[in-house]
Each structure stands twice: as C-alpha cells, then as structure tokens.
>>> print(open('data-v4.cif').read())   # mmCIF, C-alpha atoms and all ligand atoms
data_my_file
loop_
_atom_site.label_atom_id
_atom_site.label_comp_id
_atom_site.auth_asym_id
_atom_site.auth_seq_id
_atom_site.Cartn_x
_atom_site.Cartn_y
_atom_site.Cartn_z
CA MET A 958 76.77 79.57 90.50
CA LYS A 959 79.80 77.44 89.73
CA ASN A 960 82.59 78.73 91.94
CA LYS A 961 82.71 77.99 95.65
CA VAL A 962 84.68 79.97 98.19
CA SER A 963 84.82 78.89 101.82
CA ILE A 964 85.91 81.16 104.61
CA VAL A 965 87.22 79.54 107.77
CA GLY A 966 86.74 81.94 110.66
CA ALA A 967 83.49 83.89 110.45
CA GLY A 968 84.65 86.69 112.75
CA MET A 969 85.10 90.29 111.71
CA THR A 970 87.48 89.63 108.82
CA GLY A 971 85.77 86.46 107.63
CA SER A 972 82.24 87.82 107.59
CA THR A 973 83.30 91.11 106.02
CA THR A 974 85.10 89.13 103.30
CA ALA A 975 81.84 87.28 102.64
CA HIS A 976 80.07 90.63 102.37
CA TRP A 977 82.50 92.04 99.78
CA LEU A 978 82.54 88.74 97.85
CA ALA A 979 78.75 88.46 97.77
CA GLU A 980 78.56 91.89 96.18
CA LEU A 981 80.82 90.66 93.36
CA GLU A 982 78.53 87.66 92.70
CA ILE A 983 81.46 85.50 91.66
CA ALA A 984 81.02 82.47 93.92
CA ASP A 985 78.74 80.71 96.35
CA LEU A 986 80.04 81.15 99.86
CA VAL A 987 80.50 79.02 102.96
CA LEU A 988 81.31 80.43 106.39
CA VAL A 989 82.78 78.04 108.97
CA ASP A 990 83.49 78.82 112.60
CA ILE A 991 83.77 76.95 115.88
CA VAL A 992 81.21 79.17 117.60
CA GLU A 993 77.88 77.37 117.41
CA GLY A 994 75.18 79.15 115.46
CA MET A 995 77.28 82.21 114.63
CA PRO A 996 78.29 81.32 111.05
CA GLN A 997 74.77 80.07 110.38
CA GLY A 998 73.29 83.31 111.68
CA LYS A 999 75.65 85.54 109.71
CA ALA A 1000 75.12 83.49 106.55
CA LEU A 1001 71.34 83.75 106.88
CA ASP A 1002 71.52 87.49 107.46
CA LEU A 1003 73.76 87.97 104.40
CA GLN A 1004 71.54 85.66 102.35
CA ALA A 1005 68.59 87.88 103.15
CA ALA A 1006 70.53 90.89 101.85
CA MET A 1007 70.94 89.31 98.40
CA PRO A 1008 67.45 90.13 97.05
CA ILE A 1009 68.00 93.77 97.97
CA ILE A 1010 71.26 94.07 96.05
CA GLY A 1011 70.07 91.67 93.35
CA LYS A 1012 72.81 89.09 93.63
CA ASP A 1013 72.21 85.37 93.20
CA VAL A 1014 74.72 84.03 95.67
CA ARG A 1015 74.13 81.09 98.02
CA ILE A 1016 75.62 81.61 101.46
CA VAL A 1017 75.86 78.77 103.96
CA GLY A 1018 77.10 78.87 107.53
CA SER A 1019 78.34 75.80 109.37
CA ASN A 1020 80.35 74.47 112.29
CA ASP A 1021 81.29 71.48 110.18
CA TYR A 1022 84.26 71.54 107.81
CA GLY A 1023 82.35 69.10 105.57
CA ALA A 1024 80.38 72.10 104.31
CA THR A 1025 83.53 73.34 102.55
CA ALA A 1026 83.72 70.28 100.27
CA GLY A 1027 84.61 71.05 96.67
CA SER A 1028 85.80 74.60 97.31
CA ASP A 1029 87.80 76.39 94.63
CA ILE A 1030 89.31 78.73 97.21
CA ILE A 1031 89.52 78.53 100.99
CA VAL A 1032 90.25 81.68 102.94
CA ILE A 1033 91.73 81.03 106.38
CA THR A 1034 91.00 83.83 108.76
CA ALA A 1035 90.34 81.81 111.89
CA GLY A 1036 92.36 82.78 114.89
CA LEU A 1037 92.94 85.32 117.56
CA PRO A 1038 93.30 88.96 116.58
CA ARG A 1039 95.79 91.28 118.29
CA LYS A 1040 95.08 93.17 121.49
CA PRO A 1041 96.64 96.58 122.15
CA GLY A 1042 100.35 96.21 122.86
CA MET A 1043 100.60 92.81 121.14
CA SER A 1044 102.65 92.20 118.02
CA ARG A 1045 101.42 89.88 115.30
CA ASP A 1046 104.15 87.49 116.36
CA ASP A 1047 102.63 87.17 119.84
CA LEU A 1048 99.82 85.22 118.20
CA LEU A 1049 102.16 82.62 116.75
CA VAL A 1050 101.59 79.46 118.82
CA ALA A 1051 97.85 79.83 119.44
CA ASN A 1052 97.07 80.64 115.83
CA ALA A 1053 99.34 77.89 114.50
CA GLU A 1054 97.15 75.28 116.19
CA ILE A 1055 94.01 76.82 114.73
CA VAL A 1056 95.48 77.06 111.22
CA ARG A 1057 96.82 73.51 111.41
CA THR A 1058 93.34 72.20 112.27
CA ALA A 1059 91.66 74.36 109.62
CA THR A 1060 94.06 73.06 106.96
CA GLU A 1061 93.84 69.40 107.97
CA GLN A 1062 90.06 69.57 108.06
CA THR A 1063 89.63 71.37 104.74
CA ILE A 1064 92.20 69.79 102.44
CA LYS A 1065 90.55 66.39 102.71
CA HIS A 1066 87.27 67.81 101.38
CA SER A 1067 88.84 70.02 98.68
CA PRO A 1068 92.06 68.40 97.43
CA ASP A 1069 92.47 70.86 94.53
CA VAL A 1070 91.82 74.00 96.50
CA ILE A 1071 93.82 77.25 96.54
CA TYR A 1072 94.35 78.73 100.00
CA ILE A 1073 94.47 82.41 100.88
CA VAL A 1074 95.78 82.83 104.41
CA LEU A 1075 95.11 85.88 106.57
CA THR A 1076 95.60 84.59 110.07
CA ASN A 1077 98.61 86.27 111.65
CA PRO A 1078 101.55 86.05 111.65
CA LEU A 1079 100.53 85.28 108.13
CA ASP A 1080 103.87 84.65 106.46
CA VAL A 1081 104.44 81.75 108.86
CA MET A 1082 100.79 80.65 108.76
CA ALA A 1083 100.91 80.43 104.95
CA TYR A 1084 104.04 78.28 105.23
CA LEU A 1085 102.30 76.06 107.79
CA THR A 1086 99.26 75.69 105.51
CA MET A 1087 101.42 74.62 102.58
CA LYS A 1088 103.25 72.03 104.72
CA VAL A 1089 100.18 70.62 106.46
CA ALA A 1090 98.16 70.41 103.23
CA ARG A 1091 101.18 68.97 101.37
CA ILE A 1092 100.41 70.96 98.25
CA GLU A 1093 102.42 72.84 95.66
CA PRO A 1094 103.55 76.31 96.76
CA HIS A 1095 101.63 78.09 94.00
CA ARG A 1096 98.38 77.03 95.67
CA VAL A 1097 99.00 79.00 98.87
CA ILE A 1098 99.08 82.80 99.07
CA GLY A 1099 99.21 85.02 102.11
CA GLN A 1100 97.28 88.27 102.22
CA ALA A 1101 99.17 91.25 103.51
CA GLY A 1102 100.86 93.20 100.75
CA ILE A 1103 97.69 94.56 99.16
CA LEU A 1104 96.62 95.79 102.58
CA ASP A 1105 99.96 97.34 103.52
CA SER A 1106 100.24 98.99 100.11
CA ALA A 1107 96.66 100.26 100.31
CA ARG A 1108 97.36 101.83 103.70
CA MET A 1109 100.36 103.61 102.22
CA ARG A 1110 98.24 104.74 99.23
CA ALA A 1111 95.57 106.09 101.55
CA PHE A 1112 98.15 108.05 103.58
CA VAL A 1113 99.73 109.50 100.42
CA ALA A 1114 96.30 110.44 99.07
CA MET A 1115 95.44 112.24 102.31
CA GLU A 1116 98.78 114.04 102.36
CA LEU A 1117 98.74 115.22 98.72
CA ASP A 1118 94.98 115.50 98.25
CA VAL A 1119 95.20 113.41 95.08
CA SER A 1120 92.85 110.64 94.00
CA VAL A 1121 93.74 107.22 95.37
CA GLU A 1122 93.47 105.99 91.79
CA ASN A 1123 96.61 107.94 90.84
CA ILE A 1124 98.64 106.51 93.68
CA HIS A 1125 100.53 103.25 93.34
CA CYS A 1126 102.46 101.96 96.32
CA TYR A 1127 104.44 98.81 96.80
CA VAL A 1128 105.28 97.31 100.16
CA LEU A 1129 107.47 94.22 100.29
CA GLY A 1130 108.59 91.82 102.99
CA GLY A 1131 107.01 90.22 106.02
CA HIS A 1132 103.75 91.57 107.41
CA GLY A 1133 105.29 93.13 110.49
CA ASP A 1134 106.85 96.36 111.61
CA ASP A 1135 109.94 95.50 109.50
CA MET A 1136 107.96 95.52 106.25
CA VAL A 1137 109.65 97.45 103.44
CA PRO A 1138 107.66 100.23 101.75
CA LEU A 1139 109.43 101.06 98.47
CA THR A 1140 109.65 104.82 98.15
CA HIS A 1141 111.07 105.04 94.63
CA ALA A 1142 108.98 102.34 92.93
CA SER A 1143 105.88 103.79 94.58
CA ASN A 1144 104.54 106.72 92.59
CA VAL A 1145 101.87 109.31 91.95
CA ALA A 1146 100.83 109.15 88.29
CA GLY A 1147 104.30 107.84 87.46
CA ILE A 1148 106.25 110.36 89.56
CA PRO A 1149 108.28 108.50 92.21
CA LEU A 1150 107.21 109.24 95.77
CA ASP A 1151 110.72 110.24 96.78
CA GLU A 1152 110.61 112.96 94.11
CA ILE A 1153 107.13 114.29 94.78
CA MET A 1154 107.31 114.51 98.58
CA PRO A 1155 109.79 116.08 101.01
CA PRO A 1156 111.83 113.41 102.84
CA ASP A 1157 110.39 114.14 106.28
CA ARG A 1158 106.79 113.73 105.07
CA LEU A 1159 107.70 110.58 103.19
CA ASP A 1160 109.47 109.14 106.25
CA ALA A 1161 106.37 109.84 108.32
CA ILE A 1162 104.18 107.98 105.81
CA VAL A 1163 106.57 105.03 105.69
CA GLU A 1164 106.51 104.84 109.48
CA ARG A 1165 102.72 105.15 109.66
CA THR A 1166 102.36 102.40 107.03
CA ARG A 1167 104.59 100.06 109.03
CA LYS A 1168 102.56 100.66 112.16
CA GLY A 1169 99.21 100.95 110.32
CA GLY A 1170 97.71 97.79 111.78
CA GLY A 1171 98.84 98.68 115.31
CA GLU A 1172 97.33 102.16 115.02
CA ILE A 1173 93.92 100.58 114.38
CA VAL A 1174 94.34 97.98 117.15
CA SER A 1175 95.06 100.79 119.64
CA LEU A 1176 92.00 102.71 118.52
CA LEU A 1177 89.62 99.75 118.51
CA LYS A 1178 90.98 98.42 121.85
CA LYS A 1179 89.30 95.10 121.01
CA GLY A 1180 90.13 93.29 117.79
CA SER A 1181 92.07 94.40 114.76
CA ALA A 1182 91.42 95.87 111.32
CA TYR A 1183 88.99 94.06 109.06
CA TYR A 1184 87.53 96.27 106.30
CA ALA A 1185 90.77 96.73 104.36
CA PRO A 1186 92.11 93.21 105.05
CA SER A 1187 88.89 91.64 103.82
CA VAL A 1188 88.62 93.67 100.64
CA ALA A 1189 92.26 92.81 99.94
CA VAL A 1190 91.33 89.11 100.12
CA THR A 1191 88.37 89.81 97.87
CA GLN A 1192 90.65 91.30 95.22
CA MET A 1193 92.81 88.17 95.36
CA VAL A 1194 89.82 85.83 95.09
CA GLU A 1195 88.50 87.76 92.09
CA ALA A 1196 91.90 87.71 90.37
CA ILE A 1197 92.10 83.94 90.80
CA LEU A 1198 88.54 83.04 89.83
CA LYS A 1199 88.59 85.34 86.80
CA ASP A 1200 92.10 84.21 85.84
CA LYS A 1201 93.12 87.85 85.57
CA HIS A 1202 96.91 87.46 85.75
CA LEU A 1203 96.77 90.38 88.15
CA ILE A 1204 100.00 91.42 89.83
CA VAL A 1205 99.49 92.27 93.49
CA PRO A 1206 101.77 92.47 96.49
CA ALA A 1207 101.18 89.24 98.45
CA ALA A 1208 103.04 86.61 100.43
CA ALA A 1209 104.30 83.76 98.27
CA PHE A 1210 106.78 80.92 98.69
CA MET A 1211 110.26 82.07 97.76
CA ARG A 1212 112.52 79.86 95.67
CA GLY A 1213 115.52 82.10 95.20
CA GLU A 1214 113.64 85.32 94.48
CA TYR A 1215 115.21 88.25 96.33
CA GLY A 1216 117.90 85.77 97.43
CA LEU A 1217 115.39 84.01 99.70
CA GLN A 1218 114.58 80.34 100.06
CA ASP A 1219 111.98 78.32 101.90
CA ILE A 1220 109.91 81.12 103.38
CA PHE A 1221 106.69 82.92 102.51
CA PHE A 1222 107.44 86.57 101.93
CA GLY A 1223 105.71 89.61 100.51
CA ALA A 1224 106.55 90.33 96.86
CA PRO A 1225 104.74 91.27 93.65
CA VAL A 1226 102.85 88.12 92.74
CA GLN A 1227 100.88 87.40 89.57
CA LEU A 1228 97.59 85.67 90.33
CA GLY A 1229 95.55 83.51 87.97
CA ARG A 1230 93.33 80.43 88.05
CA GLU A 1231 96.17 78.21 89.31
CA GLY A 1232 97.14 80.60 92.09
CA VAL A 1233 100.61 82.13 91.96
CA GLU A 1234 101.77 82.28 88.34
CA LYS A 1235 104.90 84.34 88.74
CA ILE A 1236 106.86 86.34 91.30
CA TYR A 1237 108.40 89.61 90.08
CA GLU A 1238 111.66 91.04 91.33
CA TYR A 1239 112.42 94.73 91.74
CA LYS A 1240 115.87 96.21 91.39
CA LEU A 1241 116.40 97.29 94.95
CA THR A 1242 118.78 99.81 96.48
CA GLU A 1243 121.35 98.56 98.98
CA SER A 1244 119.33 99.92 101.90
CA GLU A 1245 116.14 98.30 100.60
CA LYS A 1246 118.01 95.00 100.25
CA ALA A 1247 119.26 95.27 103.82
CA ALA A 1248 115.77 96.08 105.09
CA LEU A 1249 114.34 93.12 103.22
CA GLU A 1250 116.95 90.78 104.68
CA LYS A 1251 116.12 92.00 108.18
CA SER A 1252 112.41 91.39 107.56
CA ALA A 1253 113.14 87.91 106.15
CA ARG A 1254 115.23 87.00 109.19
CA GLY A 1255 112.26 87.83 111.41
CA VAL A 1256 109.92 85.61 109.39
CA ALA A 1257 112.41 82.72 109.32
CA GLU A 1258 112.98 82.97 113.09
CA ASN A 1259 109.24 82.75 113.69
CA ALA A 1260 108.87 79.74 111.43
CA ALA A 1261 111.69 78.04 113.31
CA LYS A 1262 109.76 78.40 116.58
CA LEU A 1263 107.06 76.07 115.22
CA ASP A 1264 107.37 72.36 114.64
CA ILE A 1265 106.52 72.47 110.93
N1 LIG B 1 88.02 76.92 113.47
C1 LIG B 1 87.20 77.85 112.96
N2 LIG B 1 87.10 79.11 113.45
C2 LIG B 1 87.85 79.42 114.50
C3 LIG B 1 88.76 78.50 115.10
C4 LIG B 1 88.81 77.21 114.54
N3 LIG B 1 89.63 76.27 115.04
N4 LIG B 1 89.36 79.13 116.13
C5 LIG B 1 88.90 80.39 116.17
N5 LIG B 1 87.99 80.56 115.19
C6 LIG B 1 87.21 81.76 114.88
C7 LIG B 1 86.70 82.51 116.11
O1 LIG B 1 85.58 81.87 116.69
C8 LIG B 1 86.34 83.87 115.49
O2 LIG B 1 84.99 83.94 115.09
O3 LIG B 1 87.99 82.72 114.20
C9 LIG B 1 87.25 83.95 114.25
C10 LIG B 1 88.22 85.11 114.30
O4 LIG B 1 87.46 86.28 114.22
P1 LIG B 1 87.78 87.60 115.05
O5 LIG B 1 88.05 87.24 116.47
O6 LIG B 1 86.70 88.58 114.76
O7 LIG B 1 89.17 88.09 114.44
P2 LIG B 1 89.47 88.84 113.06
O8 LIG B 1 89.57 90.29 113.30
O9 LIG B 1 88.53 88.36 112.01
O10 LIG B 1 90.94 88.31 112.76
C11 LIG B 1 91.21 86.94 112.48
O11 LIG B 1 92.86 87.46 110.82
O12 LIG B 1 93.73 89.51 110.23
C12 LIG B 1 93.93 88.34 110.97
O13 LIG B 1 95.31 89.06 112.83
C13 LIG B 1 94.04 88.63 112.45
O14 LIG B 1 94.83 86.47 113.01
C14 LIG B 1 93.69 87.31 113.02
C15 LIG B 1 92.65 86.77 112.04
#
>>> encode(input="data-v4.cif", output="structure tokens", more="lines below")
Ligand code: APR
Amino acid sequence: MKNKVSIVGAGMTGSTTAHWLAELEIADLVLVDIVEGMPQGKALDLQAAMPIIGKDVRIVGSNDYGATAGSDIIVITAGLPRKPGMSRDDLLVANAEIVRTATEQTIKHSPDVIYIVLTNPLDVMAYLTMKVARIEPHRVIGQAGILDSARMRAFVAMELDVSVENIHCYVLGGHGDDMVPLTHASNVAGIPLDEIMPPDRLDAIVERTRKGGGEIVSLLKKGSAYYAPSVAVTQMVEAILKDKHLIVPAAAFMRGEYGLQDIFFGAPVQLGREGVEKIYEYKLTESEKAALEKSARGVAENAAKLDI
C-alpha cells in the first residue's frame, strides 16, 4: 500500500482511529506512544484482525518517532484527556509540551507531511504544530467541527426521528463551550432547523451540542469521547488521501476569513491532497457574528498563554 498515516498517541482516540482507518484500507498505519509495548501490542492485535475483514493493511506500533518516517499524514492525538469538571483549556500547558515534542520529532522524518491535530485545546494545539513544524498553514488542520456537527446531527435525528442522512448541521468557532452551532444554515432535507423545530427544543439541542463532550466525560468518569472524534479524523484522512475536495467543518488557519487573523478556528474547510484548499464563509446574522467573536477571543487568549 502506498499511503502512510502515523498516529501519535495510541490511547483511546489514536487506536480507535487506526481501527476505522484500517477498515477503509487506504493507508499503512503506524501507532506511536510513549508507553512501552502498548502501541506494539495494539498494532499486533489490529494486524491480526486484518485477515478476518480481508484488508491488506500493515500496522506497526513503536515508541520511536523514526517509525513515522515518510508519512503522508500524521494525526496528533497524544496528550491528556479531560477529567470530570475540567475544561479543554485546563489541558493547555501539559498538552502543549506533548504536542511540541510530537511535532519536533515527526517533522524531521516527514518534511512534506500534513498534520491533523486532535489534542485539546485543539485550536491552539494546531497553531502550535504549524509554528513548531514551520510549515505552510494549509498543511495543518484541527479536528473538531465534524465532531461537533455530528453531535448536533445525532441530537436532531433523535428529536425528530429522521434519518441522520437527512440532517446537515454546521458548527463553527473554537472547540469549546463557546462554539457556534448555526441554526439557520443547519437543515433537515433543506428545511432550516429554526423553521422545522420549536425554539425551545432547538435551544436545548444547541446547548447539548456545546456541552456534548463534557456530557460524555461526566458519564465515563475517566477519559473523554473517542468513537466520534476518531471517525471524524478518519473522514478527514480519507478526504485528503483521495483528494476529494470535501468540505467539512474543521479548524484551519484564518487569514482574514470571518474577520479573523492568526488563529486556528472552526470553519467550513475544503480538503484535498494538499490539505486545506479553501475556507468558505457563511453570511452570518449579527448574533452569530458576536458569538463567533467571543469564541475567537477565547482561542486567542489561550494561544497568548503559550510561548509560541
Ligand atoms: N508522545 C506520544 N504519546 C504520548 C505522549 C508523547 N509525548 N504523551 C502522552 N502520550 C500518549 C499517552 O501515553 C496515551 O496513550 O497519548 C495517549 C492519549 O490517550 P488517552 O489517554 O486514551 O486519551 P484520548 O482519549 O485518546 O485523548 C487524547 O485527544 O480528543 C483529545 O482531549 C483529548 O487531548 C486529548 C487527546
């Protein structure tokens, strides 16, 4: 197989990403982690699953970043997950050190790589990755928007008892409680959400979407969500490797879009073989604009706390 995808951090999100990706049979996979033996063990286990599902994918586990050499895509999901009561921002300093190391140690082995960053707070971590790797902004994308939008789609589907395939939701902004679910652009078979649902039900879904990650953290008590985050990464990897020009909500580097500069922020992003091809802009209402500005201030304040 020609393509190579390396996943740094073989914990819940990283190993589940490998699982989804292996099923697609679109790349050989490398899992890297600092815990000795763990990525090797998970890789071997997943490798043994391949004959059963009939996929010719090579999966290697390692504690050595050298194993990532020549990767087309590197997924960074190494770091600490949230504990109940913690915000994603509480992870900032600890995860910044981990992401800095992961970037320094991988870019030298894969100078042409595209990074997909999941480690939270991911808008800032994506920015850090771009700066540490010293690469063009289009080669770094943060995963959050697909996940947040999918949560909203799932909640709408449950509420209306309609197929998830008919439901299209768009969530913009930073991946935090200030994210901005768009209630008019989001729709059920073309009918805007704010027309198909009573305001109180829609407000409840918006609120549940914003707190969707926290709801799972409270239930799990240990660790955070990983099924939906990892399949969101998988969709991004597939869009890039297949050069699909797929538009997904994701965190990209802003150069004037939505009036924002010099931050990574969630927006509709077109993905192809070179990474980010284009960022699309919605016509927003005044209240959506204000909400987006508030979210952007939060991301910029976090970035300022780090020495990037
Ligand atoms: N290099 C490689 N791996 C590392 C490093 C490092 N410097 N530091 C930590 N790790 C590994 C841990 O050993 C662990 O296996 O990162 C992995 C993280 O896995 P989990 O603890 O299971 O956490 P997970 O749920 O996968 O979340 C990881 O992704 O979604 C985000 O908020 C989440 O920031 C968190 C990250």
>>> residues_near_ligand(input="data-v4.cif", ligand="ligand LIG 1 (chain B)", cutoff="7 Å", atoms="all atoms listed in the file", output="PyMOL selection string")
chain A and resi 965-971+989-992+1034-1039+1045+1052+1055+1058-1059+1075-1078+1180-1183+1186
>>> closest_residue(input="data-v4.cif", among="A:Lys1199, A:Leu1001, A:Ile1103, A:Gly1042", to="A:Asn960", atoms="all atoms listed in the file")
A:Lys1199
>>> residues_near_point(input="data-v4.cif", point="(89.8, 72.2, 100.3)", cutoff="12 Å", atoms="all atoms listed in the file", output="NGL selection string")
:A and (961-965 or 987 or 1022-1033 or 1059-1073 or 1086 or 1090-1092 or 1096-1097)
>>> residues_near_point(input="data-v4.cif", point="(112.9, 101.9, 94.6)", cutoff="12 Å", atoms="all atoms listed in the file", output="ChimeraX atom specification")
/A:1126-1129,1137-1144,1148-1152,1238-1246
>>> residues_around(input="data-v4.cif", residues="stretch 1161-1169 of chain A", least_positions_apart="4", cutoff="7 Å", atoms="all atoms listed in the file", output="ChimeraX atom specification")
/A:1105,1108-1109,1112,1134,1136,1138,1157,1173
>>> residues_around(input="data-v4.cif", residues="A:Phe1222", least_positions_apart="6", cutoff="10 Å", atoms="only C-alpha atoms", output="list in words")
Leu1079, Asp1080, Val1081, Ala1083, Tyr1084, Ile1098, Gly1099, Ala1101, Gly1102, Leu1129, Gly1130, Gly1131, His1132, Met1136, Pro1206, Ala1207, Ala1208, Ala1209, Phe1210, Met1211, Glu1214, Tyr1215, Leu1249, Ser1252, Ala1253, Val1256 and Ala1257 of chain A
>>> closest_residue(input="data-v4.cif", among="A:His1095, A:Gly1133, A:Met1082, A:Leu1228", to="A:Gly1171", atoms="all atoms listed in the file")
A:Gly1133
>>> closest_residue(input="data-v4.cif", among="A:Ala1000, A:Val1113, A:Val1226, A:Leu1217", to="A:Ile1197", atoms="all atoms listed in the file")
A:Val1226
>>> atom_distance(input="data-v4.cif", atom1="atom CA of A:Val1190", atom2="atom CA of A:Thr974")
7.0 Å
>>> atom_distance(input="data-v4.cif", atom1="atom CA of A:Ile983", atom2="atom CA of A:Lys959")
8.5 Å
>>> build_atoms(input="data-v4.cif", residues="stretch 1178-1206 of chain A", atoms="N, CA and C atoms", output="PDB file, keeping the file's coordinate frame")
ATOM      1  N   LYS A1178      90.795  99.004 120.507  1.00  0.00           N
ATOM      2  CA  LYS A1178      90.980  98.420 121.850  1.00  0.00           C
ATOM      3  C   LYS A1178      90.600  96.936 121.915  1.00  0.00           C
ATOM      4  N   LYS A1179      89.726  96.506 121.044  1.00  0.00           N
ATOM      5  CA  LYS A1179      89.300  95.100 121.010  1.00  0.00           C
ATOM      6  C   LYS A1179      89.295  94.694 119.546  1.00  0.00           C
ATOM      7  N   GLY A1180      90.138  93.720 119.191  1.00  0.00           N
ATOM      8  CA  GLY A1180      90.130  93.290 117.790  1.00  0.00           C
ATOM      9  C   GLY A1180      91.052  94.117 116.928  1.00  0.00           C
ATOM     10  N   SER A1181      91.178  93.692 115.679  1.00  0.00           N
ATOM     11  CA  SER A1181      92.070  94.400 114.760  1.00  0.00           C
ATOM     12  C   SER A1181      91.312  94.758 113.486  1.00  0.00           C
ATOM     13  N   ALA A1182      92.042  95.368 112.550  1.00  0.00           N
ATOM     14  CA  ALA A1182      91.420  95.870 111.320  1.00  0.00           C
ATOM     15  C   ALA A1182      90.727  94.753 110.549  1.00  0.00           C
ATOM     16  N   TYR A1183      89.644  95.091 109.872  1.00  0.00           N
ATOM     17  CA  TYR A1183      88.990  94.060 109.060  1.00  0.00           C
ATOM     18  C   TYR A1183      88.425  94.558 107.733  1.00  0.00           C
ATOM     19  N   TYR A1184      88.073  95.822 107.597  1.00  0.00           N
ATOM     20  CA  TYR A1184      87.530  96.270 106.300  1.00  0.00           C
ATOM     21  C   TYR A1184      88.593  96.130 105.197  1.00  0.00           C
ATOM     22  N   ALA A1185      89.737  96.758 105.414  1.00  0.00           N
ATOM     23  CA  ALA A1185      90.770  96.730 104.360  1.00  0.00           C
ATOM     24  C   ALA A1185      91.357  95.333 104.174  1.00  0.00           C
ATOM     25  N   PRO A1186      91.616  94.585 105.273  1.00  0.00           N
ATOM     26  CA  PRO A1186      92.110  93.210 105.050  1.00  0.00           C
ATOM     27  C   PRO A1186      91.135  92.368 104.233  1.00  0.00           C
ATOM     28  N   SER A1187      89.843  92.514 104.510  1.00  0.00           N
ATOM     29  CA  SER A1187      88.890  91.640 103.820  1.00  0.00           C
ATOM     30  C   SER A1187      88.694  92.038 102.359  1.00  0.00           C
ATOM     31  N   VAL A1188      88.772  93.313 102.062  1.00  0.00           N
ATOM     32  CA  VAL A1188      88.620  93.670 100.640  1.00  0.00           C
ATOM     33  C   VAL A1188      89.899  93.317  99.876  1.00  0.00           C
ATOM     34  N   ALA A1189      91.011  93.275 100.580  1.00  0.00           N
ATOM     35  CA  ALA A1189      92.260  92.810  99.940  1.00  0.00           C
ATOM     36  C   ALA A1189      92.123  91.337  99.555  1.00  0.00           C
ATOM     37  N   VAL A1190      91.565  90.529 100.448  1.00  0.00           N
ATOM     38  CA  VAL A1190      91.330  89.110 100.120  1.00  0.00           C
ATOM     39  C   VAL A1190      90.389  89.006  98.927  1.00  0.00           C
ATOM     40  N   THR A1191      89.371  89.845  98.933  1.00  0.00           N
ATOM     41  CA  THR A1191      88.370  89.810  97.870  1.00  0.00           C
ATOM     42  C   THR A1191      89.025  90.070  96.507  1.00  0.00           C
ATOM     43  N   GLN A1192      89.944  91.021  96.480  1.00  0.00           N
ATOM     44  CA  GLN A1192      90.650  91.300  95.220  1.00  0.00           C
ATOM     45  C   GLN A1192      91.446  90.075  94.759  1.00  0.00           C
ATOM     46  N   MET A1193      92.043  89.368  95.726  1.00  0.00           N
ATOM     47  CA  MET A1193      92.810  88.170  95.360  1.00  0.00           C
ATOM     48  C   MET A1193      91.894  87.063  94.846  1.00  0.00           C
ATOM     49  N   VAL A1194      90.771  86.870  95.525  1.00  0.00           N
ATOM     50  CA  VAL A1194      89.820  85.830  95.090  1.00  0.00           C
ATOM     51  C   VAL A1194      89.335  86.132  93.674  1.00  0.00           C
ATOM     52  N   GLU A1195      88.998  87.384  93.429  1.00  0.00           N
ATOM     53  CA  GLU A1195      88.500  87.760  92.090  1.00  0.00           C
ATOM     54  C   GLU A1195      89.580  87.520  91.030  1.00  0.00           C
ATOM     55  N   ALA A1196      90.804  87.894  91.345  1.00  0.00           N
ATOM     56  CA  ALA A1196      91.900  87.710  90.370  1.00  0.00           C
ATOM     57  C   ALA A1196      92.082  86.243  90.029  1.00  0.00           C
ATOM     58  N   ILE A1197      91.918  85.385  91.031  1.00  0.00           N
ATOM     59  CA  ILE A1197      92.100  83.940  90.800  1.00  0.00           C
ATOM     60  C   ILE A1197      90.919  83.382  90.012  1.00  0.00           C
ATOM     61  N   LEU A1198      89.712  83.642  90.484  1.00  0.00           N
ATOM     62  CA  LEU A1198      88.540  83.040  89.830  1.00  0.00           C
ATOM     63  C   LEU A1198      88.358  83.541  88.404  1.00  0.00           C
ATOM     64  N   LYS A1199      88.735  84.796  88.165  1.00  0.00           N
ATOM     65  CA  LYS A1199      88.590  85.340  86.800  1.00  0.00           C
ATOM     66  C   LYS A1199      89.854  85.148  85.975  1.00  0.00           C
ATOM     67  N   ASP A1200      90.848  84.480  86.547  1.00  0.00           N
ATOM     68  CA  ASP A1200      92.100  84.210  85.840  1.00  0.00           C
ATOM     69  C   ASP A1200      92.672  85.491  85.230  1.00  0.00           C
ATOM     70  N   LYS A1201      92.784  86.517  86.073  1.00  0.00           N
ATOM     71  CA  LYS A1201      93.120  87.850  85.570  1.00  0.00           C
ATOM     72  C   LYS A1201      94.606  88.077  85.287  1.00  0.00           C
ATOM     73  N   HIS A1202      95.456  87.228  85.828  1.00  0.00           N
ATOM     74  CA  HIS A1202      96.910  87.460  85.750  1.00  0.00           C
ATOM     75  C   HIS A1202      97.240  88.821  86.362  1.00  0.00           C
ATOM     76  N   LEU A1203      96.606  89.088  87.455  1.00  0.00           N
ATOM     77  CA  LEU A1203      96.770  90.380  88.150  1.00  0.00           C
ATOM     78  C   LEU A1203      98.010  90.320  89.052  1.00  0.00           C
ATOM     79  N   ILE A1204      98.815  91.368  88.968  1.00  0.00           N
ATOM     80  CA  ILE A1204     100.000  91.420  89.830  1.00  0.00           C
ATOM     81  C   ILE A1204      99.658  92.235  91.073  1.00  0.00           C
ATOM     82  N   VAL A1205      99.778  91.590  92.225  1.00  0.00           N
ATOM     83  CA  VAL A1205      99.490  92.270  93.490  1.00  0.00           C
ATOM     84  C   VAL A1205     100.608  91.961  94.474  1.00  0.00           C
ATOM     85  N   PRO A1206     100.831  92.851  95.438  1.00  0.00           N
ATOM     86  CA  PRO A1206     101.770  92.470  96.490  1.00  0.00           C
ATOM     87  C   PRO A1206     101.095  91.440  97.394  1.00  0.00           C
TER      88      PRO A1206
END
